[in-house]
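To be precise, the following lines are run36.pdb, and they hold PDB, C-alpha atoms.
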ATOM      1  CA  MET A  16      25.539  63.571 -12.612
ATOM      2  CA  LEU A  17      24.988  62.729  -8.979
ATOM      3  CA  LEU A  18      23.689  59.350  -7.883
ATOM      4  CA  THR A  19      20.579  61.046  -6.541
ATOM      5  CA  ASP A  20      19.890  62.515  -9.966
ATOM      6  CA  LEU A  21      18.920  59.068 -11.206
ATOM      7  CA  ASN A  22      15.262  58.139 -11.219
ATOM      8  CA  ARG A  23      13.739  55.704  -8.731
ATOM      9  CA  GLU A  24      13.813  52.759 -11.126
ATOM     10  CA  CYS A  25      17.564  53.151 -11.721
ATOM     11  CA  LEU A  26      18.283  53.543  -8.023
ATOM     12  CA  LEU A  27      16.283  50.438  -7.185
ATOM     13  CA  HIS A  28      18.245  48.521  -9.801
ATOM     14  CA  ILE A  29      21.553  49.674  -8.313
ATOM     15  CA  PHE A  30      20.425  48.861  -4.771
ATOM     16  CA  SER A  31      19.371  45.384  -5.852
ATOM     17  CA  PHE A  32      23.045  44.437  -6.313
ATOM     18  CA  LEU A  33      23.987  45.489  -2.784
ATOM     19  CA  ASP A  34      23.847  43.449   0.413
ATOM     20  CA  LYS A  35      21.580  44.448   3.276
ATOM     21  CA  GLU A  36      24.238  46.257   5.288
ATOM     22  CA  THR A  37      25.447  48.326   2.319
ATOM     23  CA  ARG A  38      21.884  49.289   1.463
ATOM     24  CA  LYS A  39      21.379  50.454   5.024
ATOM     25  CA  SER A  40      24.602  52.469   5.008
ATOM     26  CA  MET A  41      23.692  54.221   1.762
ATOM     27  CA  SER A  42      20.220  55.009   3.058
ATOM     28  CA  GLU A  43      21.765  57.005   5.896
ATOM     29  CA  THR A  44      23.458  59.452   3.529
ATOM     30  CA  CYS A  45      20.387  61.357   2.346
ATOM     31  CA  GLY A  46      16.594  61.376   2.273
ATOM     32  CA  ALA A  47      16.327  60.278  -1.370
ATOM     33  CA  LEU A  48      18.321  57.088  -0.786
ATOM     34  CA  ARG A  49      16.444  56.474   2.446
ATOM     35  CA  GLU A  50      13.229  56.397   0.433
ATOM     36  CA  VAL A  51      14.771  53.873  -1.949
ATOM     37  CA  PHE A  52      15.828  51.698   0.989
ATOM     38  CA  HIS A  53      12.263  51.640   2.317
ATOM     39  CA  ASP A  54      10.691  50.887  -1.057
ATOM     40  CA  PRO A  55       9.012  47.446  -0.716
ATOM     41  CA  ALA A  56       9.977  46.606  -4.306
ATOM     42  CA  LEU A  57      13.596  46.285  -3.137
ATOM     43  CA  TRP A  58      12.798  43.551  -0.652
ATOM     44  CA  SER A  59      11.174  40.672  -2.529
ATOM     45  CA  LEU A  60      14.033  38.348  -1.470
ATOM     46  CA  LEU A  61      15.585  38.021   1.984
ATOM     47  CA  CYS A  62      18.371  35.676   3.072
ATOM     48  CA  PHE A  63      19.841  35.350   6.563
ATOM     49  CA  SER A  64      22.806  33.229   7.630
ATOM     50  CA  SER A  65      22.215  33.316  11.402
ATOM     51  CA  PRO A  66      19.426  34.144  13.878
ATOM     52  CA  SER A  67      21.322  37.208  15.125
ATOM     53  CA  GLU A  68      20.838  38.856  11.723
ATOM     54  CA  LEU A  69      17.088  38.873  12.341
ATOM     55  CA  LYS A  70      17.567  41.504  15.046
ATOM     56  CA  LYS A  71      19.177  44.041  12.727
ATOM     57  CA  ASP A  72      17.370  46.967  11.129
ATOM     58  CA  ASN A  73      19.011  46.618   7.715
ATOM     59  CA  PHE A  74      16.006  45.174   5.881
ATOM     60  CA  VAL A  75      12.303  45.821   5.340
ATOM     61  CA  LEU A  76       9.429  43.363   5.769
ATOM     62  CA  SER A  77       6.458  44.055   3.516
ATOM     63  CA  PRO A  78       3.805  42.336   1.373
ATOM     64  CA  ALA A  79       6.360  42.467  -1.467
ATOM     65  CA  LEU A  80       8.394  39.636   0.110
ATOM     66  CA  ARG A  81       8.269  36.538  -2.075
ATOM     67  CA  SER A  82      11.221  34.428  -0.912
ATOM     68  CA  LEU A  83      12.699  34.039   2.568
ATOM     69  CA  ALA A  84      15.650  31.882   3.666
ATOM     70  CA  ILE A  85      17.096  31.512   7.172
ATOM     71  CA  CYS A  86      19.989  29.069   6.991
ATOM     72  CA  TRP A  87      22.252  28.673  10.007
ATOM     73  CA  HIS A  88      25.187  26.348   9.358
ATOM     74  CA  SER A  89      27.187  26.599  12.561
ATOM     75  CA  SER A  90      28.561  24.295  15.226
ATOM     76  CA  ARG A  91      26.178  25.997  17.656
ATOM     77  CA  VAL A  92      23.273  24.313  15.902
ATOM     78  CA  LYS A  93      24.377  21.046  17.521
ATOM     79  CA  VAL A  94      23.903  22.667  20.917
ATOM     80  CA  CYS A  95      20.420  23.876  19.955
ATOM     81  CA  ASN A  96      19.499  20.372  18.842
ATOM     82  CA  ILE A  97      20.151  18.798  22.233
ATOM     83  CA  GLU A  98      16.938  18.146  24.160
ATOM     84  CA  ASP A  99      16.318  20.877  26.719
ATOM     85  CA  TRP A 100      16.423  18.482  29.665
ATOM     86  CA  ALA A 101      19.847  17.220  28.576
ATOM     87  CA  LYS A 102      21.517  20.618  28.156
ATOM     88  CA  SER A 103      24.107  21.811  30.629
ATOM     89  CA  SER A 104      23.692  25.249  32.197
ATOM     90  CA  PHE A 105      26.347  26.560  29.805
ATOM     91  CA  GLN A 106      24.499  25.159  26.798
ATOM     92  CA  ARG A 107      21.214  26.622  28.020
ATOM     93  CA  ASP A 108      22.911  29.992  28.359
ATOM     94  CA  ILE A 109      24.114  29.792  24.746
ATOM     95  CA  CYS A 110      20.594  29.062  23.532
ATOM     96  CA  SER A 111      18.995  31.752  25.685
ATOM     97  CA  HIS A 112      20.425  34.436  23.410
ATOM     98  CA  HIS A 113      18.571  33.274  20.308
ATOM     99  CA  HIS A 114      16.015  30.564  21.101
ATOM    100  CA  THR A 115      12.988  32.799  20.384
ATOM    101  CA  LEU A 116      14.392  34.761  17.446
ATOM    102  CA  VAL A 117      13.307  32.571  14.536
ATOM    103  CA  ASN A 118       9.868  31.835  15.971
ATOM    104  CA  GLY A 119       9.219  35.515  16.661
ATOM    105  CA  PHE A 120      10.460  36.550  13.246
ATOM    106  CA  LEU A 121       8.233  34.015  11.484
ATOM    107  CA  ALA A 122       5.260  35.276  13.478
ATOM    108  CA  GLU A 123       5.997  38.755  12.153
ATOM    109  CA  VAL A 124       6.438  37.472   8.604
ATOM    110  CA  SER A 125       3.113  35.652   8.758
ATOM    111  CA  CYS A 126       1.385  38.929   9.632
ATOM    112  CA  ARG A 127       3.216  41.284   7.279
ATOM    113  CA  CYS A 128       4.121  39.157   4.253
ATOM    114  CA  PRO A 129       0.962  37.407   2.987
ATOM    115  CA  ASN A 130       2.356  37.006  -0.546
ATOM    116  CA  LEU A 131       5.300  34.823   0.469
ATOM    117  CA  LEU A 132       5.908  32.082  -2.095
ATOM    118  CA  SER A 133       9.048  30.295  -0.889
ATOM    119  CA  LEU A 134      10.388  29.601   2.605
ATOM    120  CA  THR A 135      13.663  27.838   3.442
ATOM    121  CA  LEU A 136      14.671  27.133   7.050
ATOM    122  CA  ALA A 137      17.866  25.270   7.935
ATOM    123  CA  GLY A 138      19.552  24.770  11.278
ATOM    124  CA  CYS A 139      16.681  26.374  13.174
ATOM    125  CA  GLY A 140      16.922  24.154  16.238
ATOM    126  CA  HIS A 141      14.301  26.018  18.273
ATOM    127  CA  LEU A 142      11.681  26.324  15.536
ATOM    128  CA  THR A 143       8.384  24.721  16.587
ATOM    129  CA  ASP A 144       5.362  23.326  14.780
ATOM    130  CA  ASP A 145       3.088  26.206  15.795
ATOM    131  CA  TYR A 146       5.010  28.725  13.721
ATOM    132  CA  ILE A 147       5.054  26.495  10.654
ATOM    133  CA  SER A 148       1.275  26.193  11.031
ATOM    134  CA  GLN A 149       0.964  29.963  11.380
ATOM    135  CA  ILE A 150       2.987  30.622   8.241
ATOM    136  CA  LEU A 151       0.998  28.078   6.243
ATOM    137  CA  GLY A 152      -2.301  29.446   7.524
ATOM    138  CA  ARG A 153      -1.567  33.111   6.817
ATOM    139  CA  CYS A 154       0.695  32.876   3.758
ATOM    140  CA  SER A 155      -1.740  30.935   1.614
ATOM    141  CA  LYS A 156       0.235  31.481  -1.615
ATOM    142  CA  LEU A 157       3.264  29.579  -0.303
ATOM    143  CA  ASN A 158       4.280  26.971  -2.887
ATOM    144  CA  THR A 159       7.714  25.905  -1.643
ATOM    145  CA  LEU A 160       8.664  24.927   1.910
ATOM    146  CA  LYS A 161      12.145  23.557   2.598
ATOM    147  CA  LEU A 162      13.080  22.477   6.119
ATOM    148  CA  GLU A 163      16.480  21.078   7.064
ATOM    149  CA  ASN A 164      17.891  20.064  10.442
ATOM    150  CA  CYS A 165      15.022  21.627  12.394
ATOM    151  CA  ALA A 166      15.096  19.302  15.377
ATOM    152  CA  ARG A 167      11.920  20.483  17.161
ATOM    153  CA  LEU A 168       9.581  19.937  14.222
ATOM    154  CA  THR A 169       7.282  16.923  14.395
ATOM    155  CA  ASP A 170       4.511  15.332  12.358
ATOM    156  CA  LYS A 171       2.274  18.231  13.449
ATOM    157  CA  SER A 172       4.009  20.346  10.811
ATOM    158  CA  LEU A 173       3.068  17.745   8.209
ATOM    159  CA  GLU A 174      -0.516  17.839   9.453
ATOM    160  CA  ALA A 175      -0.487  21.632   9.013
ATOM    161  CA  VAL A 176       0.667  21.143   5.422
ATOM    162  CA  ALA A 177      -2.298  18.861   4.795
ATOM    163  CA  ILE A 178      -4.717  21.401   6.300
ATOM    164  CA  TYR A 179      -3.354  24.745   5.105
ATOM    165  CA  GLY A 180      -0.912  23.993   2.295
ATOM    166  CA  GLY A 181      -3.370  23.959  -0.563
ATOM    167  CA  ASN A 182      -0.968  25.768  -2.908
ATOM    168  CA  LEU A 183       2.165  24.000  -1.700
ATOM    169  CA  ARG A 184       3.939  22.141  -4.502
ATOM    170  CA  THR A 185       7.334  21.333  -2.959
ATOM    171  CA  LEU A 186       8.020  20.141   0.591
ATOM    172  CA  ASN A 187      11.462  19.152   1.872
ATOM    173  CA  VAL A 188      11.925  17.891   5.438
ATOM    174  CA  ASP A 189      15.559  16.785   5.522
ATOM    175  CA  PHE A 190      17.399  15.718   8.699
ATOM    176  CA  CYS A 191      14.414  16.609  10.899
ATOM    177  CA  ARG A 192      14.749  13.881  13.515
ATOM    178  CA  ASN A 193      11.225  14.045  14.963
ATOM    179  CA  ILE A 194       9.488  13.526  11.621
ATOM    180  CA  THR A 195       8.307   9.914  11.441
ATOM    181  CA  GLN A 196       7.797   7.549   8.540
ATOM    182  CA  GLU A 197       4.124   7.282   9.487
ATOM    183  CA  GLY A 198       3.778  11.050   9.174
ATOM    184  CA  LEU A 199       5.500  11.035   5.788
ATOM    185  CA  ASP A 200       3.264   8.231   4.562
ATOM    186  CA  ARG A 201       0.153  10.123   5.646
ATOM    187  CA  ILE A 202       1.133  13.355   3.928
ATOM    188  CA  GLY A 203       2.030  11.390   0.802
ATOM    189  CA  GLN A 204      -1.437   9.855   0.732
ATOM    190  CA  THR A 205      -3.247  13.079   1.649
ATOM    191  CA  CYS A 206      -1.357  15.260  -0.849
ATOM    192  CA  PRO A 207      -0.374  12.969  -3.737
ATOM    193  CA  SER A 208       0.590  15.857  -6.039
ATOM    194  CA  LEU A 209       3.067  17.278  -3.500
ATOM    195  CA  ARG A 210       6.752  16.882  -4.390
ATOM    196  CA  LEU A 211       7.968  15.476  -1.104
ATOM    197  CA  ARG A 212      11.576  14.879  -0.050
ATOM    198  CA  ALA A 213      12.644  13.671   3.390
ATOM    199  CA  ASP A 214      16.324  12.760   3.399
ATOM    200  CA  HIS A 215      17.196  10.810   6.571
ATOM    201  CA  SER A 216      14.428  12.345   8.693
ATOM    202  CA  ALA A 217      12.507   9.168   9.515
ATOM    203  CA  ALA A 218      15.745   7.213   9.997
ATOM    204  CA  MET A 219      17.158   9.467  12.710
ATOM    205  CA  ILE A 220      16.897   8.948  16.461
ATOM    206  CA  PRO A 221      14.009  11.097  17.754
ATOM    207  CA  ASP A 222      14.013  13.088  20.982
ATOM    208  CA  GLN A 223      14.387  10.929  24.065
ATOM    209  CA  PRO A 224      12.590  11.448  27.394
ATOM    210  CA  ASP A 225      14.368  12.645  30.514
ATOM    211  CA  THR A 226      16.046   9.516  31.855
ATOM    212  CA  SER A 227      17.200  10.897  35.209
ATOM    213  CA  ASP A 228      16.898   8.213  37.830
ATOM    214  CA  SER A 229      15.114   8.728  41.125
ATOM    215  CA  LEU A 230      18.425   8.885  42.995
ATOM    216  CA  GLY A 231      19.564  11.889  40.994
ATOM    217  CA  LYS A 232      22.688  10.224  39.643
ATOM    218  CA  GLY A 233      22.612  12.477  36.607
ATOM    219  CA  ARG A 234      21.096  12.533  33.205
ATOM    220  CA  LYS A 235      22.031  10.566  30.193
ATOM    221  CA  LYS A 236      22.949  12.823  27.356
ATOM    222  CA  ARG A 237      22.648  11.907  23.721
ATOM    223  CA  VAL A 238      25.109  13.069  21.141
ATOM    224  CA  PRO A 239      23.412  15.326  18.545
ATOM    225  CA  TRP A 240      23.667  14.009  15.003
TER     226      TRP A 240
END
As C-alpha coordinates:
Amino acid sequence: MLLTDLNRECLLHIFSFLDKETRKSMSETCGALREVFHDPALWSLLCFSSPSELKKDNFVLSPALRSLAICWHSSRVKVCNIEDWAKSSFQRDICSHHHTLVNGFLAEVSCRCPNLLSLTLAGCGHLTDDYISQILGRCSKLNTLKLENCARLTDKSLEAVAIYGGNLRTLNVDFCRNITQEGLDRIGQTCPSLRLRADHSAAMIPDQPDTSDSLGKGRKKRVPW
(Lines of atoms letter the chains of each structure in order from A and count residues from 1; the text may use other names and numbers.)
(Lines give C-alpha, C1' and ligand atoms only; values in the text may rest on other atoms or scores of the structure.)
Protein backbone atom coordinates (compact mmCIF):
# COMPACT_ATOMS: atom_id res chain seq x y z
CA MET A 1 0.00 0.00 0.00
CA LEU A 2 1.21 3.47 -0.86
CA LEU A 3 0.97 6.33 1.60
CA THR A 4 -1.42 8.08 -0.75
CA ASP A 5 -3.73 5.07 -0.65
CA LEU A 6 -4.69 5.97 2.90
CA ASN A 7 -7.82 8.00 3.45
CA ARG A 8 -7.77 11.67 4.44
CA GLU A 9 -8.37 10.98 8.12
CA CYS A 10 -5.35 8.66 8.33
CA LEU A 11 -3.14 11.09 6.44
CA LEU A 12 -4.15 13.95 8.71
CA HIS A 13 -3.30 11.81 11.72
CA ILE A 14 0.15 11.01 10.31
CA PHE A 15 0.80 14.65 9.42
CA SER A 16 -0.16 15.73 12.92
CA PHE A 17 3.03 14.11 14.27
CA LEU A 18 5.28 16.03 11.88
CA ASP A 19 6.82 19.47 12.32
CA LYS A 20 5.93 22.33 10.00
CA GLU A 21 8.94 21.96 7.72
CA THR A 22 8.44 18.21 7.24
CA ARG A 23 4.77 18.73 6.46
CA LYS A 24 5.73 21.28 3.84
CA SER A 25 8.33 18.97 2.29
CA MET A 26 5.87 16.09 2.05
CA SER A 27 3.25 18.34 0.50
CA GLU A 28 5.60 19.05 -2.40
CA THR A 29 5.76 15.39 -3.44
CA CYS A 30 2.26 15.04 -4.89
CA GLY A 31 -1.15 16.68 -5.18
CA ALA A 32 -2.84 14.39 -2.64
CA LEU A 33 -0.40 15.29 0.14
CA ARG A 34 -0.57 18.94 -0.86
CA GLU A 35 -4.30 18.83 -0.18
CA VAL A 36 -3.65 17.32 3.24
CA PHE A 37 -1.14 20.07 4.01
CA HIS A 38 -3.72 22.75 3.20
CA ASP A 39 -6.50 21.11 5.20
CA PRO A 40 -7.39 23.58 8.01
CA ALA A 41 -8.00 20.66 10.39
CA LEU A 42 -4.22 20.09 10.47
CA TRP A 43 -3.49 23.56 11.79
CA SER A 44 -5.38 24.02 15.06
CA LEU A 45 -2.07 24.54 16.92
CA LEU A 46 0.86 26.70 15.85
CA CYS A 47 4.12 27.29 17.71
CA PHE A 48 7.00 29.52 16.62
CA SER A 49 10.38 29.92 18.30
CA SER A 50 11.50 33.12 16.55
CA PRO A 51 10.00 35.98 14.51
CA SER A 52 11.83 34.83 11.37
CA GLU A 53 9.69 31.67 11.32
CA LEU A 54 6.63 33.84 10.73
CA LYS A 55 7.89 34.65 7.24
CA LYS A 56 7.98 31.03 6.09
CA ASP A 57 5.29 29.36 4.01
CA ASN A 58 5.30 26.08 5.93
CA PHE A 59 2.01 26.59 7.77
CA VAL A 60 -1.60 27.55 7.13
CA LEU A 61 -3.65 30.21 8.91
CA SER A 62 -7.37 29.48 9.02
CA PRO A 63 -10.44 29.71 11.28
CA ALA A 64 -9.43 26.26 12.59
CA LEU A 65 -6.56 27.78 14.62
CA ARG A 66 -7.23 27.41 18.34
CA SER A 67 -3.82 27.89 19.97
CA LEU A 68 -0.93 30.13 18.94
CA ALA A 69 2.46 30.57 20.64
CA ILE A 70 5.33 32.84 19.58
CA CYS A 71 8.14 32.43 22.09
CA TRP A 72 11.52 33.95 21.32
CA HIS A 73 14.15 33.10 23.93
CA SER A 74 17.30 34.62 22.49
CA SER A 75 19.99 37.07 23.52
CA ARG A 76 18.71 39.34 20.74
CA VAL A 77 15.58 39.97 22.78
CA LYS A 78 17.70 42.12 25.11
CA VAL A 79 18.55 44.33 22.14
CA CYS A 80 14.88 44.63 21.19
CA ASN A 81 14.03 45.64 24.74
CA ILE A 82 16.30 48.68 24.75
CA GLU A 83 14.37 51.92 24.24
CA ASP A 84 14.58 53.07 20.63
CA TRP A 85 16.28 56.35 21.52
CA ALA A 86 19.01 54.48 23.40
CA LYS A 87 19.87 51.97 20.67
CA SER A 88 23.10 52.26 18.74
CA SER A 89 22.97 52.24 14.94
CA PHE A 90 24.11 48.61 15.01
CA GLN A 91 21.34 47.66 17.42
CA ARG A 92 18.76 49.48 15.31
CA ASP A 93 19.98 47.57 12.27
CA ILE A 94 19.49 44.27 14.11
CA CYS A 95 15.92 45.20 15.00
CA SER A 96 15.09 46.49 11.53
CA HIS A 97 15.02 42.93 10.21
CA HIS A 98 12.16 41.80 12.45
CA HIS A 99 10.59 44.71 14.33
CA THR A 100 7.29 44.57 12.39
CA LEU A 101 7.00 40.80 12.01
CA VAL A 102 5.04 39.91 15.14
CA ASN A 103 2.71 42.90 14.90
CA GLY A 104 1.96 42.19 11.25
CA PHE A 105 1.43 38.51 11.89
CA LEU A 106 -0.99 39.18 14.75
CA ALA A 107 -2.93 41.56 12.52
CA GLU A 108 -3.31 38.73 10.02
CA VAL A 109 -4.30 36.27 12.74
CA SER A 110 -6.95 38.65 14.04
CA CYS A 111 -8.54 38.74 10.58
CA ARG A 112 -8.24 35.07 9.63
CA CYS A 113 -8.49 33.17 12.92
CA PRO A 114 -11.62 34.33 14.78
CA ASN A 115 -11.88 31.08 16.78
CA LEU A 116 -8.53 31.47 18.54
CA LEU A 117 -8.76 30.33 22.16
CA SER A 118 -5.20 30.62 23.50
CA LEU A 119 -2.39 33.06 22.72
CA THR A 120 1.12 32.99 24.21
CA LEU A 121 3.69 35.67 23.37
CA ALA A 122 7.16 35.72 24.92
CA GLY A 123 10.19 37.81 24.06
CA CYS A 124 8.26 39.92 21.57
CA GLY A 125 10.10 43.16 22.26
CA HIS A 126 8.42 45.16 19.50
CA LEU A 127 4.85 44.05 20.19
CA THR A 128 2.59 47.03 20.91
CA ASP A 129 -0.71 47.55 22.70
CA ASP A 130 -2.67 48.17 19.49
CA TYR A 131 -2.19 44.61 18.28
CA ILE A 132 -3.21 43.11 21.61
CA SER A 133 -6.36 45.23 21.41
CA GLN A 134 -6.98 44.07 17.85
CA ILE A 135 -6.64 40.40 18.77
CA LEU A 136 -8.95 40.79 21.76
CA GLY A 137 -11.50 42.71 19.71
CA ARG A 138 -11.64 40.29 16.78
CA CYS A 139 -10.93 36.95 18.50
CA SER A 140 -13.79 37.17 20.97
CA LYS A 141 -13.52 33.51 22.03
CA LEU A 142 -10.00 33.98 23.42
CA ASN A 143 -9.89 32.58 26.96
CA THR A 144 -6.15 32.46 27.66
CA LEU A 145 -3.62 35.25 27.08
CA LYS A 146 -0.04 34.80 28.30
CA LEU A 147 2.47 37.61 27.82
CA GLU A 148 6.09 37.41 28.95
CA ASN A 149 8.96 39.87 28.52
CA CYS A 150 7.06 42.04 26.04
CA ALA A 151 8.73 45.33 26.84
CA ARG A 152 6.53 47.67 24.76
CA LEU A 153 3.24 46.64 26.33
CA THR A 154 1.66 49.07 28.77
CA ASP A 155 -1.49 49.38 30.86
CA LYS A 156 -3.38 50.03 27.60
CA SER A 157 -3.27 46.28 26.98
CA LEU A 158 -4.91 45.74 30.36
CA GLU A 159 -7.56 48.30 29.45
CA ALA A 160 -8.22 46.35 26.23
CA VAL A 161 -8.70 43.20 28.32
CA ALA A 162 -11.32 45.00 30.40
CA ILE A 163 -13.14 46.21 27.27
CA TYR A 164 -12.89 43.25 24.89
CA GLY A 165 -11.85 40.25 26.98
CA GLY A 166 -15.28 39.11 28.04
CA ASN A 167 -14.41 35.43 27.62
CA LEU A 168 -10.86 35.71 28.95
CA ARG A 169 -10.27 33.49 31.97
CA THR A 170 -6.47 33.51 32.30
CA LEU A 171 -4.15 36.51 31.90
CA ASN A 172 -0.40 36.38 32.51
CA VAL A 173 1.74 39.52 32.15
CA ASP A 174 5.15 38.41 33.40
CA PHE A 175 8.32 40.54 33.13
CA CYS A 176 6.51 43.24 31.14
CA ARG A 177 8.31 46.30 32.49
CA ASN A 178 5.79 48.95 31.43
CA ILE A 179 2.85 47.32 33.20
CA THR A 180 2.19 49.22 36.43
CA GLN A 181 0.77 48.16 39.76
CA GLU A 182 -2.04 50.67 39.30
CA GLY A 183 -2.98 48.99 36.02
CA LEU A 184 -2.93 45.56 37.63
CA ASP A 185 -5.09 46.77 40.50
CA ARG A 186 -7.63 48.23 38.08
CA ILE A 187 -7.93 45.08 36.00
CA GLY A 188 -8.25 43.04 39.18
CA GLN A 189 -11.16 45.18 40.31
CA THR A 190 -12.79 45.37 36.87
CA CYS A 191 -12.49 41.63 36.14
CA PRO A 192 -12.58 39.87 39.53
CA SER A 193 -13.10 36.41 38.01
CA LEU A 194 -9.97 36.71 35.83
CA ARG A 195 -7.03 34.51 36.87
CA LEU A 196 -4.33 37.15 36.82
CA ARG A 197 -0.58 36.61 37.19
CA ALA A 198 2.03 39.35 36.88
CA ASP A 199 5.43 38.08 37.99
CA HIS A 200 7.85 41.01 38.44
CA SER A 201 6.11 43.28 35.93
CA ALA A 202 5.18 46.13 38.27
CA ALA A 203 8.52 45.87 40.08
CA MET A 204 10.68 46.43 37.00
CA ILE A 205 12.15 49.72 35.82
CA PRO A 206 9.87 51.14 33.10
CA ASP A 207 11.03 52.85 29.92
CA GLN A 208 13.00 56.02 30.56
CA PRO A 209 12.79 59.23 28.51
CA ASP A 210 15.58 60.39 26.23
CA THR A 211 18.07 62.01 28.60
CA SER A 212 20.38 63.55 26.01
CA ASP A 213 21.61 66.88 27.26
CA SER A 214 21.40 70.07 25.23
CA LEU A 215 25.14 69.99 24.55
CA GLY A 216 24.89 66.64 22.81
CA LYS A 217 27.29 64.87 25.14
CA GLY A 218 25.60 61.56 24.42
CA ARG A 219 22.76 59.54 25.72
CA LYS A 220 22.53 57.56 28.86
CA LYS A 221 21.81 53.97 28.13
CA ARG A 222 20.07 51.62 30.50
CA VAL A 223 20.97 47.99 30.77
CA PRO A 224 18.03 45.76 29.72
CA TRP A 225 16.88 43.41 32.46
Q: Report as number ranges by chain the residues that result from applying the PyMOL selection byres ((chain A and resi 119) around 12) to the structure here.
A: A: 66, 69-70, 113-118, 120-126, 141-143, 145-147, 149-150
Q: Kindly indicate which residue among A:Arg201, A:Arg212, A:His112, A:Arg127 lies nearest to A:Lys161, using only C-alpha atoms for the distances.
A: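 Nearest to A:Lys161: A:Arg212.
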Please build the interface table for stretch 70-152 of chain A against stretch 163-187 of chain A with a cut-off of 10 Å, listing for each qualifying residue the nearest atom pair and the distance in Å to one decimal; count only C-alpha atoms, order rows by chain and increasing number, and write it as CSV.
residue,atom,partner,partner_atom,distance
A:Cys86,CA,A:Glu163,CA,8.7
A:Trp87,CA,A:Asn164,CA,9.7
A:His88,CA,A:Asn164,CA,9.7
A:Val92,CA,A:Asn164,CA,8.8
A:Lys93,CA,A:Asn164,CA,9.7
A:Cys95,CA,A:Ala166,CA,8.4
A:Asn96,CA,A:Ala166,CA,5.7
A:Ile97,CA,A:Ala166,CA,8.5
A:Glu98,CA,A:Arg167,CA,8.9
A:Leu132,CA,A:Leu183,CA,8.9
A:Ser133,CA,A:Thr185,CA,9.4
A:Leu134,CA,A:Leu186,CA,10.0
A:Thr135,CA,A:Glu163,CA,8.2
A:Leu136,CA,A:Glu163,CA,6.3
A:Ala137,CA,A:Glu163,CA,4.5
A:Gly138,CA,A:Asn164,CA,5.1
A:Cys139,CA,A:Cys165,CA,5.1
A:Gly140,CA,A:Cys165,CA,5.0
A:His141,CA,A:Arg167,CA,6.1
A:Leu142,CA,A:Arg167,CA,6.1
A:Thr143,CA,A:Leu168,CA,5.5
A:Asp144,CA,A:Ser172,CA,5.1
A:Asp145,CA,A:Ser172,CA,7.7
A:Tyr146,CA,A:Ser172,CA,8.9
A:Ile147,CA,A:Ser172,CA,6.2
A:Ser148,CA,A:Ala175,CA,5.3
A:Gln149,CA,A:Ala175,CA,8.8
A:Ile150,CA,A:Tyr179,CA,9.2
A:Leu151,CA,A:Tyr179,CA,5.6
A:Gly152,CA,A:Tyr179,CA,5.4
Q) Rounded to one decimal in Å, what is the spacing between atom CA of A:Ala217 and atom CA of A:Arg107? A)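 For atom CA of A:Ala217 relative to atom CA of A:Arg107, the distance reads 26.9 Å.
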Return the padded bounding box of stretch 55-70 of chain A as JSON: axis-aligned, built from all atoms listed in the file, 6 Å added on each side, with centre and edge lengths in Å to one decimal.
{"center_x": 15.9, "center_y": 40.3, "center_z": 5.4, "size_x": 25.8, "size_y": 26.2, "size_z": 31.4}
Q: Compare A:Phe74, A:Phe190, A:Phe32, A:Phe105 by their minimum atom-to-atom distance to A:Pro55, counting only C-alpha atoms, and give me the closest one.
A: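 Using only C-alpha atoms, A:Pro55 sits closest to A:Phe74.
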Surrounding residues of A:Ala47 excluding itself and chain neighbours under 2 positions, 12 Å, all atoms listed in the file, as a CSV table (one decimal) with C-alpha atoms, keeping the file's coordinate frame:
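out-v7.csv was written with the following content:
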chain,number,residue,atom,x,y,z
A,17,LEU,CA,25.0,62.7,-9.0
A,18,LEU,CA,23.7,59.4,-7.9
A,19,THR,CA,20.6,61.0,-6.5
A,20,ASP,CA,19.9,62.5,-10.0
A,21,LEU,CA,18.9,59.1,-11.2
A,22,ASN,CA,15.3,58.1,-11.2
A,23,ARG,CA,13.7,55.7,-8.7
A,26,LEU,CA,18.3,53.5,-8.0
A,27,LEU,CA,16.3,50.4,-7.2
A,41,MET,CA,23.7,54.2,1.8
A,42,SER,CA,20.2,55.0,3.1
A,43,GLU,CA,21.8,57.0,5.9
A,44,THR,CA,23.5,59.5,3.5
A,45,CYS,CA,20.4,61.4,2.3
A,49,ARG,CA,16.4,56.5,2.4
A,50,GLU,CA,13.2,56.4,0.4
A,51,VAL,CA,14.8,53.9,-1.9
A,52,PHE,CA,15.8,51.7,1.0
A,53,HIS,CA,12.3,51.6,2.3
A,54,ASP,CA,10.7,50.9,-1.1
Q. Atom CA of A:Trp58 to atom CA of A:Leu162: how many Å, to one decimal?
A.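 These atoms are spaced 22.1 Å apart.
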